[in-house]
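Coordinates from protein-v1.cif are shown below (mmCIF, C-alpha atoms and all ligand atoms).
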data_upload
#
loop_
_atom_site.label_atom_id
_atom_site.label_comp_id
_atom_site.auth_asym_id
_atom_site.auth_seq_id
_atom_site.Cartn_x
_atom_site.Cartn_y
_atom_site.Cartn_z
CA MET S 1 -13.31 -47.80 -43.99
CA ALA S 2 -16.62 -48.79 -45.55
CA ILE S 3 -19.64 -48.81 -43.25
CA SER S 4 -21.60 -52.03 -43.52
CA ARG S 5 -25.22 -51.19 -44.29
CA SER S 6 -28.35 -52.97 -43.24
CA PRO S 7 -30.99 -53.19 -45.99
CA VAL S 8 -33.60 -51.79 -43.62
CA ALA S 9 -34.80 -48.29 -44.47
CA VAL S 10 -36.78 -46.22 -41.98
CA TYR S 11 -39.37 -43.73 -43.18
CA PRO S 12 -40.05 -41.52 -40.14
CA GLY S 13 -42.77 -38.94 -39.78
CA SER S 14 -45.80 -37.74 -37.87
CA PHE S 15 -48.31 -39.24 -40.33
CA ASP S 16 -51.19 -37.29 -38.78
CA PRO S 17 -52.71 -38.44 -41.04
CA ILE S 18 -50.96 -40.45 -43.73
CA HIS S 19 -51.80 -39.05 -47.18
CA LEU S 20 -51.22 -40.29 -50.72
CA GLY S 21 -47.90 -38.44 -51.00
CA HIS S 22 -46.63 -40.60 -48.12
CA VAL S 23 -48.10 -43.73 -49.72
CA ASP S 24 -46.29 -42.87 -52.95
CA ILE S 25 -42.96 -42.43 -51.13
CA ILE S 26 -43.40 -45.77 -49.33
CA ALA S 27 -44.06 -47.49 -52.68
CA ARG S 28 -40.91 -45.93 -54.15
CA ALA S 29 -38.85 -46.89 -51.10
CA THR S 30 -39.92 -50.53 -51.39
CA GLN S 31 -38.64 -50.53 -54.98
CA ILE S 32 -35.19 -49.76 -53.62
CA PHE S 33 -35.04 -51.42 -50.18
CA PRO S 34 -36.25 -54.90 -49.28
CA ARG S 35 -37.66 -53.78 -45.92
CA VAL S 36 -39.16 -50.40 -45.09
CA VAL S 37 -40.12 -49.53 -41.53
CA VAL S 38 -42.59 -46.66 -41.28
CA GLY S 39 -41.68 -44.95 -38.00
CA ILE S 40 -44.53 -42.94 -36.53
CA LEU S 41 -43.44 -40.26 -34.08
CA LYS S 42 -45.44 -40.63 -30.87
CA ASN S 43 -45.58 -36.94 -30.02
CA PRO S 44 -46.30 -34.89 -33.15
CA GLY S 45 -47.19 -31.83 -31.06
CA LYS S 46 -50.31 -29.83 -30.48
CA GLY S 47 -53.17 -30.11 -32.92
CA ALA S 48 -52.74 -33.85 -33.52
CA LEU S 49 -55.89 -35.41 -34.90
CA PHE S 50 -54.99 -39.03 -34.23
CA SER S 51 -53.30 -40.62 -31.22
CA PRO S 52 -50.09 -42.59 -31.87
CA GLU S 53 -52.05 -45.85 -31.50
CA GLU S 54 -54.64 -44.70 -34.04
CA ARG S 55 -51.99 -43.64 -36.53
CA VAL S 56 -50.18 -46.98 -36.19
CA GLU S 57 -53.52 -48.73 -36.67
CA LEU S 58 -54.50 -46.67 -39.74
CA VAL S 59 -51.12 -46.97 -41.46
CA GLY S 60 -50.70 -50.60 -40.39
CA ALA S 61 -54.05 -51.53 -41.94
CA LEU S 62 -52.89 -50.19 -45.32
CA TYR S 63 -49.83 -52.47 -45.31
CA ARG S 64 -51.24 -55.50 -43.54
CA HIS S 65 -50.68 -57.63 -46.64
CA ASN S 66 -47.36 -56.15 -47.66
CA PRO S 67 -44.48 -58.03 -46.00
CA ALA S 68 -41.95 -55.40 -47.14
CA VAL S 69 -43.53 -52.70 -44.96
CA GLU S 70 -43.62 -52.67 -41.18
CA VAL S 71 -45.29 -49.94 -39.14
CA ARG S 72 -43.94 -48.98 -35.72
CA ALA S 73 -44.25 -46.06 -33.33
CA PHE S 74 -41.17 -44.41 -31.87
CA SER S 75 -40.39 -41.68 -29.39
CA GLY S 76 -37.23 -39.76 -28.65
CA LEU S 77 -34.38 -39.48 -31.11
CA LEU S 78 -34.78 -40.97 -34.54
CA VAL S 79 -31.17 -42.18 -34.46
CA ASN S 80 -31.95 -44.32 -31.41
CA PHE S 81 -34.85 -45.86 -33.30
CA LEU S 82 -32.46 -46.58 -36.21
CA LYS S 83 -30.01 -48.29 -33.87
CA GLU S 84 -32.79 -50.33 -32.29
CA LEU S 85 -33.69 -51.61 -35.77
CA ASP S 86 -30.08 -52.02 -36.86
CA ALA S 87 -30.88 -49.58 -39.67
CA THR S 88 -28.81 -46.77 -41.17
CA ILE S 89 -31.02 -45.50 -44.01
CA VAL S 90 -33.58 -42.77 -43.43
CA ILE S 91 -36.14 -42.09 -46.17
CA ARG S 92 -37.62 -38.64 -46.49
CA GLY S 93 -39.89 -37.18 -49.12
CA MET S 94 -38.80 -33.94 -50.75
CA ARG S 95 -41.73 -32.13 -52.32
CA ALA S 96 -40.31 -28.75 -53.18
CA VAL S 97 -37.42 -26.39 -52.51
CA SER S 98 -39.32 -25.15 -49.44
CA ASP S 99 -38.73 -28.57 -47.81
CA PHE S 100 -35.02 -28.39 -48.41
CA GLU S 101 -33.72 -26.36 -45.48
CA TYR S 102 -35.53 -28.32 -42.78
CA GLU S 103 -34.68 -31.64 -44.39
CA PHE S 104 -31.04 -30.69 -44.87
CA GLN S 105 -30.69 -29.67 -41.21
CA MET S 106 -32.37 -32.84 -40.03
CA ALA S 107 -30.25 -35.10 -42.23
CA LEU S 108 -27.02 -33.49 -41.05
CA MET S 109 -28.07 -33.51 -37.40
CA ASN S 110 -28.96 -37.17 -37.61
CA ARG S 111 -25.62 -37.96 -39.21
CA ARG S 112 -23.79 -35.98 -36.56
CA LEU S 113 -25.57 -37.97 -33.85
CA TYR S 114 -25.06 -41.25 -35.68
CA PRO S 115 -22.38 -41.16 -38.42
CA ALA S 116 -23.74 -44.27 -40.15
CA ALA S 117 -27.12 -42.58 -40.71
CA GLU S 118 -27.64 -41.70 -44.35
CA THR S 119 -30.75 -39.89 -45.56
CA VAL S 120 -32.21 -40.79 -48.94
CA PHE S 121 -34.59 -38.22 -50.41
CA LEU S 122 -37.34 -39.39 -52.70
CA THR S 123 -39.69 -37.20 -54.67
CA PRO S 124 -43.38 -38.02 -54.90
CA LYS S 125 -45.49 -38.08 -58.02
CA GLU S 126 -46.04 -34.47 -59.18
CA GLU S 127 -49.75 -34.53 -58.36
CA TYR S 128 -48.92 -35.03 -54.67
CA THR S 129 -46.23 -32.38 -54.32
CA TYR S 130 -48.59 -29.85 -52.74
CA LEU S 131 -50.07 -32.29 -50.25
CA SER S 132 -49.46 -32.05 -46.52
CA SER S 133 -51.12 -33.58 -43.48
CA ARG S 134 -51.85 -30.10 -42.17
CA THR S 135 -53.78 -28.97 -45.26
CA VAL S 136 -55.65 -32.26 -45.49
CA LYS S 137 -56.82 -31.85 -41.87
CA GLU S 138 -57.87 -28.27 -42.50
CA VAL S 139 -59.88 -29.17 -45.59
CA VAL S 140 -61.76 -31.97 -43.81
CA ALA S 141 -62.31 -29.83 -40.71
CA LEU S 142 -63.97 -27.21 -42.90
CA GLY S 143 -66.16 -29.72 -44.69
CA GLY S 144 -64.09 -30.14 -47.87
CA ASP S 145 -63.56 -33.34 -49.81
CA VAL S 146 -60.17 -35.08 -49.67
CA THR S 147 -61.08 -38.01 -51.90
CA GLY S 148 -58.00 -38.97 -53.91
CA LEU S 149 -55.69 -37.22 -51.47
CA VAL S 150 -55.71 -39.68 -48.57
CA PRO S 151 -56.34 -43.45 -48.50
CA GLU S 152 -60.09 -44.15 -48.43
CA PRO S 153 -60.14 -45.70 -44.92
CA VAL S 154 -58.31 -42.64 -43.61
CA ARG S 155 -60.78 -40.29 -45.32
CA ARG S 156 -63.73 -42.11 -43.74
CA VAL S 157 -62.26 -41.97 -40.24
CA MET S 158 -61.29 -38.32 -40.64
CA GLU S 159 -64.74 -37.30 -41.81
CA SER S 160 -66.45 -39.12 -38.98
CA ARG S 161 -63.99 -37.68 -36.48
CA TYR S 162 -64.59 -34.11 -37.59
CA ARG S 163 -68.34 -34.60 -37.70
CA VAL S 164 -68.25 -35.72 -34.09
CA THR S 165 -65.84 -32.94 -33.10
CA THR S 166 -67.57 -30.09 -34.85
CA HIS S 167 -71.20 -31.12 -34.34
CA PRO S 168 -71.49 -32.76 -30.90
CA PRO S 169 -74.95 -34.06 -29.93
CA THR S 170 -76.90 -31.29 -28.18
CA ARG S 171 -78.97 -33.32 -25.74
O1 LIG S 201 -43.64 -35.78 -40.71
P1 LIG S 201 -42.69 -34.86 -40.01
O2 LIG S 201 -43.42 -34.18 -38.87
O3 LIG S 201 -42.02 -33.88 -40.93
O4 LIG S 201 -41.56 -35.78 -39.36
C1 LIG S 201 -40.55 -35.22 -38.57
C2 LIG S 201 -39.74 -36.32 -37.85
C3 LIG S 201 -40.63 -37.23 -37.06
C4 LIG S 201 -38.98 -37.12 -38.89
C5 LIG S 201 -38.71 -35.60 -36.93
O5 LIG S 201 -39.38 -34.65 -36.16
C6 LIG S 201 -37.95 -36.55 -36.03
O6 LIG S 201 -37.16 -37.34 -36.48
N1 LIG S 201 -38.23 -36.46 -34.71
C7 LIG S 201 -37.57 -37.28 -33.73
C8 LIG S 201 -36.68 -36.43 -32.84
C9 LIG S 201 -35.28 -36.32 -33.42
O7 LIG S 201 -34.61 -37.29 -33.68
N2 LIG S 201 -34.80 -35.07 -33.58
C10 LIG S 201 -33.47 -34.81 -34.06
C11 LIG S 201 -33.39 -34.70 -35.58
S1 LIG S 201 -33.45 -33.01 -36.02
#
Can I see the file as structure tokens?
Amino acid sequence: MAISRSPVAVYPGSFDPIHLGHVDIIARATQIFPRVVVGILKNPGKGALFSPEERVELVGALYRHNPAVEVRAFSGLLVNFLKELDATIVIRGMRAVSDFEYEFQMALMNRRLYPAAETVFLTPKEEYTYLSSRTVKEVVALGGDVTGLVPEPVRRVMESRYRVTTHPPTR
């Protein structure tokens, strides 16, 4: 029996912070699906730079004028978030073979939990295949320049955040 599919695709992730590889995947997803919901996990674990509210704000600002993209936070199981949205499609970016094992496990686990869930893997532009939120944070924390790797508003907030964190006022 065919499963009826909603045209809503969910692109879940930690997005701490969003970088241009993510932006590229969102653009590709909107070429395929009429509505893309960026689902920001509320608890990305230790070492998070931005709170869930800040990440929703930063990503939301980038898509404020794009009606095809909605930005929401979620907690708990991704499949419950899919059901809440009446969605069955999960978008994930696949940068390299090293991503494969984790992504494969996650896709199969999600489908076991929710048989209608189907994961669609998209590949980013080659120049973004080495990008990750973790490396972007590390570079900024150590005073490096991430221009052209993250959206400009994100770069500005990151730089000011690290300046405050690493050089607190002494008085
Ligand atoms: O950007 P990330 O950190 O690679 O995204 C991972 C994310 C948020 C997609 C994944 O951790 C997730 O879906 N978490 C929700 C919890 C869940 O559903 N776990 C079961 C699937 S293995």
> Which neighbours of Glu126 of chain S fall inside 12 Å, counting all atoms listed in the file, when residues of the same chain fewer than 3 positions from it are skipped, and could you give them as a ChimeraX atom specification?
Replying inline: /S:20-21,24-25,94-96,122-123,129-131
>> Any residue with an atom at most 6 Å from ligand LIG 201 (chain S) counts, using only C-alpha atoms and all ligand atoms. Which are they? Put them as a PyMOL selection string.
In response: chain S and resi 12-15+41+76-78+106+109-110
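Between Gly47 of chain S and the candidates S:Val71, S:Lys137, S:Val59, S:Arg163, the tightest atom-to-atom separation, counting only C-alpha atoms, involves S:Lys137.
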> So which one's closest to Val120 of chain S, S:Leu62, S:Val38, S:Ala29, S:Val146? Using only C-alpha atoms, please.
Replying inline: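 Smallest separation from Val120 of chain S among the options: S:Ala29.
Between atom CA of Lys125 of chain S and atom CA of Val23 of chain S the separation is 10.4 Å.
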Radius query 9 Å about (-36.2, -53.4, -44.6), atoms used: all atoms listed in the file, as a tab-separated table (two decimals) with C-alpha atoms, in the coordinates of the input:
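Just written: part-v1.tsv:
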chain	number	residue	atom	x	y	z
S	6	SER	CA	-28.35	-52.97	-43.24
S	7	PRO	CA	-30.99	-53.19	-45.99
S	8	VAL	CA	-33.60	-51.79	-43.62
S	9	ALA	CA	-34.80	-48.29	-44.47
S	10	VAL	CA	-36.78	-46.22	-41.98
S	30	THR	CA	-39.92	-50.53	-51.39
S	33	PHE	CA	-35.04	-51.42	-50.18
S	34	PRO	CA	-36.25	-54.90	-49.28
S	35	ARG	CA	-37.66	-53.78	-45.92
S	36	VAL	CA	-39.16	-50.40	-45.09
S	37	VAL	CA	-40.12	-49.53	-41.53
S	68	ALA	CA	-41.95	-55.40	-47.14
S	69	VAL	CA	-43.53	-52.70	-44.96
S	70	GLU	CA	-43.62	-52.67	-41.18
S	87	ALA	CA	-30.88	-49.58	-39.67
> Quick one, how far is atom CA of Ser133 of chain S from atom CA of Phe50 of chain S?
Replying inline: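 Interatomic distance, atom CA of Ser133 of chain S to atom CA of Phe50 of chain S: 11.4 Å.
Nearest to Phe81 of chain S of all the residues S:Ala61, S:Ala117, S:Val140, S:Val56 is S:Ala117, based on only C-alpha atoms.
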>> From the options S:Arg111, S:Arg72, S:Arg156, S:Lys46, which residue's atoms come nearest to Tyr11 of chain S, counting all atoms listed in the file?
In response: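 Among the listed residues, the smallest separation from Tyr11 of chain S belongs to S:Arg72.
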> If we count all atoms listed in the file, what is near Ala107 of chain S at a cut-off of 12 Å, once residues fewer than 2 positions away on the same chain are taken out, given as a PyMOL selection string?
Replying inline: chain S and resi 12+78-79+88-92+100-105+109-121
